[in-house]
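query.cif, holding mmCIF, C-alpha atoms:
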data_input
#
loop_
_atom_site.label_atom_id
_atom_site.label_comp_id
_atom_site.auth_asym_id
_atom_site.auth_seq_id
_atom_site.Cartn_x
_atom_site.Cartn_y
_atom_site.Cartn_z
CA MET D 1 -183.89 -110.75 -67.52
CA TYR D 2 -185.33 -107.32 -66.76
CA LYS D 3 -188.91 -108.56 -67.25
CA MET D 4 -188.21 -111.50 -64.93
CA ILE D 5 -186.93 -109.13 -62.24
CA LEU D 6 -190.02 -106.92 -62.62
CA ALA D 7 -192.31 -109.93 -62.34
CA ASN D 8 -190.62 -111.52 -59.32
CA SER D 9 -189.16 -108.49 -57.47
CA SER D 10 -185.92 -110.45 -56.97
CA VAL D 11 -183.99 -113.15 -58.81
CA THR D 12 -180.93 -115.27 -58.10
CA ILE D 13 -178.00 -115.94 -60.40
CA GLU D 14 -178.81 -119.63 -60.18
CA GLU D 15 -182.41 -119.08 -61.32
CA LEU D 16 -181.38 -116.89 -64.25
CA SER D 17 -178.63 -119.29 -65.29
CA GLN D 18 -181.10 -122.19 -65.47
CA THR D 19 -183.89 -120.17 -67.12
CA PHE D 20 -181.74 -118.75 -69.92
CA ASP D 21 -179.31 -121.68 -70.13
CA VAL D 22 -176.21 -119.53 -69.71
CA THR D 23 -173.28 -119.61 -67.32
CA PRO D 24 -173.37 -117.81 -63.95
CA MET D 25 -170.53 -115.59 -65.22
CA THR D 26 -172.71 -114.44 -68.13
CA VAL D 27 -175.59 -113.75 -65.74
CA ARG D 28 -173.35 -111.64 -63.49
CA ARG D 29 -172.18 -109.53 -66.45
CA ASP D 30 -175.75 -109.05 -67.68
CA LEU D 31 -176.98 -108.05 -64.22
CA GLU D 32 -174.22 -105.46 -63.94
CA LYS D 33 -175.35 -103.97 -67.27
CA LEU D 34 -179.01 -104.01 -66.18
CA SER D 35 -178.24 -102.23 -62.92
CA ASP D 36 -176.41 -99.53 -64.89
CA MET D 37 -179.31 -99.15 -67.34
CA HIS D 38 -182.21 -99.29 -64.84
CA THR D 39 -182.06 -97.35 -61.57
CA ASN D 40 -184.74 -99.59 -60.03
CA VAL D 41 -182.56 -102.71 -60.38
CA VAL D 42 -179.98 -103.26 -57.68
CA ARG D 43 -177.34 -105.97 -57.59
CA CYS D 44 -177.50 -107.94 -54.39
CA HIS D 45 -175.78 -110.96 -52.89
CA GLY D 46 -176.39 -113.82 -55.31
CA GLY D 47 -178.64 -111.95 -57.75
CA ALA D 48 -180.62 -108.74 -58.21
CA MET D 49 -183.77 -107.09 -56.84
CA LEU D 50 -186.09 -104.17 -57.38
CA ALA D 51 -185.22 -101.20 -55.20
CA THR D 52 -187.91 -99.55 -53.09
CA GLU D 53 -187.07 -96.25 -51.42
CA VAL D 54 -188.75 -95.48 -48.07
CA ASN D 55 -188.55 -91.74 -47.46
CA ILE D 56 -191.13 -91.29 -44.70
CA GLU D 57 -192.46 -93.33 -41.81
CA GLU D 58 -195.58 -95.13 -43.01
CA ASN D 59 -198.76 -94.55 -41.03
CA PHE D 60 -199.23 -97.09 -38.22
CA GLU D 61 -202.80 -97.98 -39.16
CA ASN D 62 -201.80 -98.65 -42.77
CA LYS D 63 -199.04 -101.06 -41.69
CA ARG D 64 -201.25 -102.77 -39.13
CA VAL D 65 -203.35 -104.59 -41.76
CA LEU D 66 -200.39 -105.83 -43.86
CA ASN D 67 -199.03 -109.40 -43.64
CA VAL D 68 -200.94 -110.11 -40.43
CA ASP D 69 -200.41 -113.88 -40.57
CA ASP D 70 -196.67 -113.52 -41.11
CA LYS D 71 -196.39 -111.07 -38.24
CA ALA D 72 -198.28 -113.46 -35.96
CA ARG D 73 -195.89 -116.31 -36.81
CA ILE D 74 -192.87 -114.14 -36.12
CA ALA D 75 -194.37 -112.97 -32.83
CA SER D 76 -195.07 -116.55 -31.75
CA LYS D 77 -191.42 -117.49 -32.24
CA ALA D 78 -190.26 -114.40 -30.37
CA PHE D 79 -192.65 -115.14 -27.50
CA SER D 80 -191.02 -118.56 -27.02
CA MET D 81 -187.77 -116.76 -26.17
CA ILE D 82 -189.23 -114.97 -23.13
CA SER D 83 -189.15 -116.35 -19.59
CA ASP D 84 -191.12 -115.32 -16.51
CA HIS D 85 -189.71 -112.26 -14.67
CA ASP D 86 -187.57 -111.15 -17.63
CA THR D 87 -186.93 -107.48 -18.26
CA ILE D 88 -187.54 -106.92 -21.96
CA TYR D 89 -187.70 -104.07 -24.44
CA LEU D 90 -190.42 -103.88 -27.08
CA ASP D 91 -189.68 -101.58 -30.00
CA ALA D 92 -192.37 -99.70 -31.89
CA GLY D 93 -194.07 -101.41 -34.82
CA THR D 94 -196.92 -103.65 -35.87
CA THR D 95 -194.98 -106.93 -35.68
CA ILE D 96 -193.89 -106.10 -32.13
CA LEU D 97 -197.52 -105.30 -31.33
CA GLU D 98 -198.40 -108.90 -32.22
CA LEU D 99 -195.83 -110.03 -29.66
CA ALA D 100 -197.36 -107.68 -27.09
CA LYS D 101 -200.75 -109.31 -27.71
CA LEU D 102 -199.30 -112.69 -26.73
CA ILE D 103 -197.73 -111.25 -23.59
CA ALA D 104 -200.98 -109.52 -22.65
CA VAL D 105 -202.94 -112.79 -22.46
CA SER D 106 -200.15 -114.84 -20.90
CA ASN D 107 -199.39 -115.57 -17.24
CA LEU D 108 -195.93 -114.05 -17.50
CA SER D 109 -194.92 -111.39 -15.01
CA LEU D 110 -192.43 -109.28 -16.90
CA THR D 111 -190.92 -105.84 -16.77
CA VAL D 112 -191.66 -104.41 -20.20
CA VAL D 113 -190.02 -101.22 -21.41
CA THR D 114 -191.40 -99.75 -24.63
CA ASN D 115 -191.50 -96.56 -26.65
CA ASP D 116 -194.75 -97.56 -28.37
CA LEU D 117 -198.04 -96.08 -27.15
CA ALA D 118 -200.24 -98.83 -28.62
CA THR D 119 -198.08 -101.54 -27.03
CA SER D 120 -198.17 -99.85 -23.62
CA GLN D 121 -201.98 -99.53 -23.70
CA LEU D 122 -202.39 -103.14 -24.77
CA LEU D 123 -200.32 -104.34 -21.81
CA ILE D 124 -202.18 -102.37 -19.13
CA PRO D 125 -204.43 -105.33 -18.12
CA SER D 126 -201.51 -107.80 -18.19
CA LYS D 127 -199.52 -109.13 -15.23
CA SER D 128 -196.44 -107.26 -16.40
CA GLU D 129 -195.03 -103.98 -15.18
CA VAL D 130 -194.99 -101.54 -18.08
CA LEU D 131 -192.58 -98.60 -18.44
CA LEU D 132 -192.85 -95.99 -21.20
CA THR D 133 -189.61 -94.34 -22.25
CA GLY D 134 -191.02 -90.83 -22.42
CA GLY D 135 -189.99 -88.46 -25.19
CA THR D 136 -191.59 -86.77 -28.17
CA ILE D 137 -194.51 -88.52 -29.88
CA GLN D 138 -193.88 -89.31 -33.54
CA LYS D 139 -197.48 -88.86 -34.66
CA SER D 140 -197.38 -91.02 -37.79
CA THR D 141 -196.23 -94.11 -35.88
CA GLY D 142 -197.44 -93.44 -32.33
CA CYS D 143 -194.01 -94.01 -30.82
CA LEU D 144 -191.77 -91.95 -28.54
CA VAL D 145 -188.39 -90.67 -29.72
CA GLY D 146 -185.78 -88.11 -28.76
CA SER D 147 -183.17 -87.44 -26.09
CA ILE D 148 -185.45 -88.15 -23.12
CA ALA D 149 -186.22 -91.63 -24.44
CA GLU D 150 -182.55 -92.30 -25.20
CA GLU D 151 -181.46 -91.19 -21.73
CA MET D 152 -183.90 -93.57 -20.04
CA ILE D 153 -182.82 -96.46 -22.25
CA SER D 154 -179.14 -95.81 -21.50
CA LYS D 155 -179.82 -96.16 -17.75
CA MET D 156 -181.54 -99.56 -18.09
CA ARG D 157 -180.50 -103.11 -18.90
CA PHE D 158 -182.68 -105.62 -20.75
CA LYS D 159 -182.38 -109.38 -20.84
CA VAL D 160 -183.74 -109.29 -24.39
CA ALA D 161 -184.84 -106.59 -26.82
CA PHE D 162 -187.27 -107.20 -29.67
CA MET D 163 -186.81 -104.73 -32.51
CA GLY D 164 -188.66 -103.81 -35.69
CA ALA D 165 -187.39 -102.37 -38.97
CA THR D 166 -188.49 -100.23 -41.90
CA ALA D 167 -185.99 -101.29 -44.56
CA ILE D 168 -183.20 -103.82 -45.12
CA ASN D 169 -180.94 -103.41 -48.15
CA GLU D 170 -178.80 -105.84 -50.15
CA SER D 171 -175.81 -105.22 -47.88
CA PHE D 172 -177.78 -106.53 -44.88
CA GLU D 173 -178.03 -103.01 -43.42
CA VAL D 174 -181.13 -101.91 -41.51
CA LEU D 175 -182.24 -98.38 -42.46
CA THR D 176 -184.78 -95.78 -41.36
CA PRO D 177 -186.13 -92.47 -42.72
CA SER D 178 -186.22 -91.10 -39.14
CA ILE D 179 -183.06 -89.43 -37.83
CA GLU D 180 -184.36 -89.78 -34.24
CA LYS D 181 -184.52 -93.55 -34.59
CA ARG D 182 -181.03 -93.56 -36.08
CA THR D 183 -179.58 -92.85 -32.64
CA MET D 184 -182.28 -94.36 -30.44
CA LYS D 185 -182.38 -97.93 -31.74
CA PRO D 186 -178.63 -98.62 -31.34
CA ALA D 187 -178.94 -97.38 -27.75
CA VAL D 188 -181.41 -100.21 -27.10
CA LEU D 189 -178.99 -102.83 -28.43
CA ARG D 190 -176.22 -101.48 -26.21
CA SER D 191 -178.48 -101.98 -23.18
CA ALA D 192 -179.63 -105.50 -24.11
CA ALA D 193 -177.94 -108.82 -23.35
CA LYS D 194 -179.75 -110.35 -26.35
CA SER D 195 -181.58 -108.75 -29.25
CA TYR D 196 -183.85 -110.06 -31.99
CA LEU D 197 -185.00 -108.31 -35.15
CA LEU D 198 -188.59 -109.18 -36.08
CA VAL D 199 -189.19 -108.60 -39.81
CA ASP D 200 -191.49 -109.96 -42.49
CA GLU D 201 -190.74 -110.42 -46.19
CA ASP D 202 -191.70 -106.85 -47.15
CA LYS D 203 -188.84 -105.25 -45.23
CA PHE D 204 -186.16 -106.75 -47.49
CA GLY D 205 -184.94 -105.10 -50.67
CA LYS D 206 -185.83 -101.62 -49.43
CA TYR D 207 -183.75 -98.51 -48.92
CA SER D 208 -183.91 -95.41 -46.77
CA THR D 209 -181.81 -92.49 -45.59
CA TYR D 210 -180.12 -93.51 -42.34
CA VAL D 211 -178.23 -96.72 -41.55
CA ILE D 212 -179.03 -97.93 -38.02
CA TYR D 213 -177.13 -101.20 -37.80
CA SER D 214 -176.69 -104.47 -39.72
CA LEU D 215 -178.24 -107.91 -39.38
CA LYS D 216 -175.11 -109.31 -37.74
CA ASP D 217 -175.56 -106.91 -34.81
CA PHE D 218 -178.49 -109.01 -33.54
CA THR D 219 -178.53 -112.26 -31.62
CA GLY D 220 -180.96 -113.42 -34.30
CA VAL D 221 -183.25 -112.22 -37.09
CA ILE D 222 -186.73 -113.77 -36.91
CA THR D 223 -188.38 -113.64 -40.32
CA THR D 224 -190.84 -115.30 -42.68
CA ARG D 225 -188.66 -114.54 -45.70
CA VAL D 226 -187.54 -117.65 -47.55
CA PHE D 227 -183.88 -117.33 -48.53
CA SER D 228 -182.07 -119.15 -51.29
CA LYS D 229 -179.18 -121.45 -50.43
CA THR D 230 -176.77 -118.84 -51.82
CA GLU D 231 -178.27 -116.10 -49.66
CA LYS D 232 -178.08 -118.31 -46.57
CA ASN D 233 -174.41 -119.06 -47.21
CA GLU D 234 -173.61 -115.38 -47.72
CA MET D 235 -175.41 -114.35 -44.54
CA GLU D 236 -173.65 -117.07 -42.59
CA GLU D 237 -170.31 -115.77 -43.84
CA PHE D 238 -171.44 -112.23 -43.00
CA GLY D 239 -172.25 -113.29 -39.45
CA ALA D 240 -176.04 -112.92 -39.46
CA ARG D 241 -178.10 -115.58 -37.69
CA ILE D 242 -181.41 -116.06 -39.50
CA ILE D 243 -184.33 -117.76 -37.74
CA GLU D 244 -186.93 -118.69 -40.36
CA VAL D 245 -190.53 -119.30 -39.24
#

So that I can check it, write out the structure of this file as structure tokens.
Amino acid sequence: MYKMILANSSVTIEELSQTFDVTPMTVRRDLEKLSDMHTNVVRCHGGAMLATEVNIEENFENKRVLNVDDKARIASKAFSMISDHDTIYLDAGTTILELAKLIAVSNLSLTVVTNDLATSQLLIPSKSEVLLTGGTIQKSTGCLVGSIAEEMISKMRFKVAFMGATAINESFEVLTPSIEKRTMKPAVLRSAAKSYLLVDEDKFGKYSTYVIYSLKDFTGVITTRVFSKTEKNEMEEFGARIIEV
């Protein structure tokens, strides 16, 4: 079982039961033993996965070239949820930047609030009004954080907020290595009538220091990750709305 987990990054109880011709109860017991023996194996809803710890914010340029097609698909779905004259919030991140590219070449006249320097520059030629939150520049990601940004966000109201993420664990929690984002991101959700989390496959099965919120805190989670039937049922019971693209 351990070799299968290493090869596939994640496995379901159903898959293991069929592969090894044993009962789901036997699989559950074996997975519990594996997670005790190997620190890189974590039990999750309906199976097990390899754990990846994210301790620092990855450089923006490094992330920009990863999973470009998936990010474009997610952005396209998110763009369909925007109407002319909306006031929206665009979080920092490379998937959100793909959404900003679509807005930049559209005929939409929006009010766009963002804490991302690259997003704000991209939208300068657009028909939209662009507001930067202000704050301290986080140099590795090119985004603005801190009390000044949080104060501005708290005084505004958004029809919809589009958010990014660094890590999502097996308990459907969204985590970050940045303590500044730990307080800033929830402030955005409090100011938004609707909110969508835009995440590709790579964000799942990862861990970090600070819990920001959970998947059920969003109006929807737009993702390219393909979930098993068991995972879908568990997330539905949990209260998370998954929008697969």

Which centre and which edge lengths, in Å to one decimal, describe the axis-aligned box that holds all listed atoms of segment 220-231 of chain D after 8 Å is added on each side, as JSON?
{"center_x": -183.8, "center_y": -116.8, "center_z": -43.1, "size_x": 30.1, "size_y": 25.2, "size_z": 33.5}

Using only C-alpha atoms, find each residue in segment 203-222 of chain D having at least one atom no more than 12 Å away from segment 6-30 of chain D; report its shortest atom-to-atom pair and that distance in Å (one decimal), rows by chain then rising number, as CSV.
residue,atom,partner,partner_atom,distance
D:Phe204,CA,D:Ser10,CA,10.2
D:Gly205,CA,D:Ser10,CA,8.3
D:Lys206,CA,D:Ser9,CA,11.1

Separation of atom CA of Thr119 of chain D and atom CA of Leu197 of chain D, in Å?
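According to the coordinates, atom CA of Thr119 of chain D and atom CA of Leu197 of chain D are separated by 16.8 Å.
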
Residues picked by the PyMOL selection byres ((chain D and resi 227-240) around 6) here, as a list in words?
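Applied to this file, the PyMOL selection byres ((chain D and resi 227-240) around 6) selects Leu215, Lys216, Val226 and Arg241 of chain D.
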
Between atom CA of Ser208 of chain D and atom CA of Phe172 of chain D, what distance in Å does the model show, to one decimal?
12.8 Å

To one decimal place, how far is atom CA of Gly47 of chain D from atom CA of Leu198 of chain D in Å?
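Distance between the two atoms: 24.0 Å.
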
I'd like to know which of D:Met1, D:Val221, D:Val188, D:Ile242 is closest to Glu150 of chain D, using only C-alpha atoms.
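Among D:Met1, D:Val221, D:Val188, D:Ile242, it is D:Val188 that comes nearest to Glu150 of chain D.
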
As a check of understanding, name the residues that the PyMOL selection byres ((chain D and resi 134-149) around 9) selects in the supplied structure, as number ranges by chain.
D: 57-61, 91-93, 114-118, 131-133, 150-154, 180-181, 183-184

Write a file of the selected residues as a tab-separated table (two decimals), keeping the file's coordinate frame, keeping C-alpha atoms.
chain	number	residue	atom	x	y	z
D	57	GLU	CA	-192.46	-93.33	-41.81
D	58	GLU	CA	-195.58	-95.13	-43.01
D	59	ASN	CA	-198.76	-94.55	-41.03
D	60	PHE	CA	-199.23	-97.09	-38.22
D	61	GLU	CA	-202.80	-97.98	-39.16
D	91	ASP	CA	-189.68	-101.58	-30.00
D	92	ALA	CA	-192.37	-99.70	-31.89
D	93	GLY	CA	-194.07	-101.41	-34.82
D	114	THR	CA	-191.40	-99.75	-24.63
D	115	ASN	CA	-191.50	-96.56	-26.65
D	116	ASP	CA	-194.75	-97.56	-28.37
D	117	LEU	CA	-198.04	-96.08	-27.15
D	118	ALA	CA	-200.24	-98.83	-28.62
D	131	LEU	CA	-192.58	-98.60	-18.44
D	132	LEU	CA	-192.85	-95.99	-21.20
D	133	THR	CA	-189.61	-94.34	-22.25
D	150	GLU	CA	-182.55	-92.30	-25.20
D	151	GLU	CA	-181.46	-91.19	-21.73
D	152	MET	CA	-183.90	-93.57	-20.04
D	153	ILE	CA	-182.82	-96.46	-22.25
D	154	SER	CA	-179.14	-95.81	-21.50
D	180	GLU	CA	-184.36	-89.78	-34.24
D	181	LYS	CA	-184.52	-93.55	-34.59
D	183	THR	CA	-179.58	-92.85	-32.64
D	184	MET	CA	-182.28	-94.36	-30.44

Please write the residues picked by the PyMOL selection byres ((chain D and resi 74-85) around 9) on this file as a VMD selection string.
chain D and resid 69 to 73 86 to 88 95 to 103 107 to 111 128 160 162 196 198 to 200 222 to 224 243 to 245

Excluding Leu189 of chain D and any residue of its chain fewer than 6 positions from it, enumerate the residues within 9 Å of it, using all atoms listed in the file, and give them as an MDAnalysis selection string.
chainID D and resid 158 160:161 195 217:218

Between D:Val112, D:Ile179, D:Val68, D:Ala193, single out the one closest to Tyr210 of chain D, counting all atoms listed in the file.
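Once distances to Tyr210 of chain D are computed over all atoms listed in the file, the minimum belongs to D:Ile179.
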
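Using only C-alpha atoms for every distance, the candidate list D:Val113, D:Val41, D:Leu122, D:Val211 yields D:Val211 as the residue closest to Thr166 of chain D.
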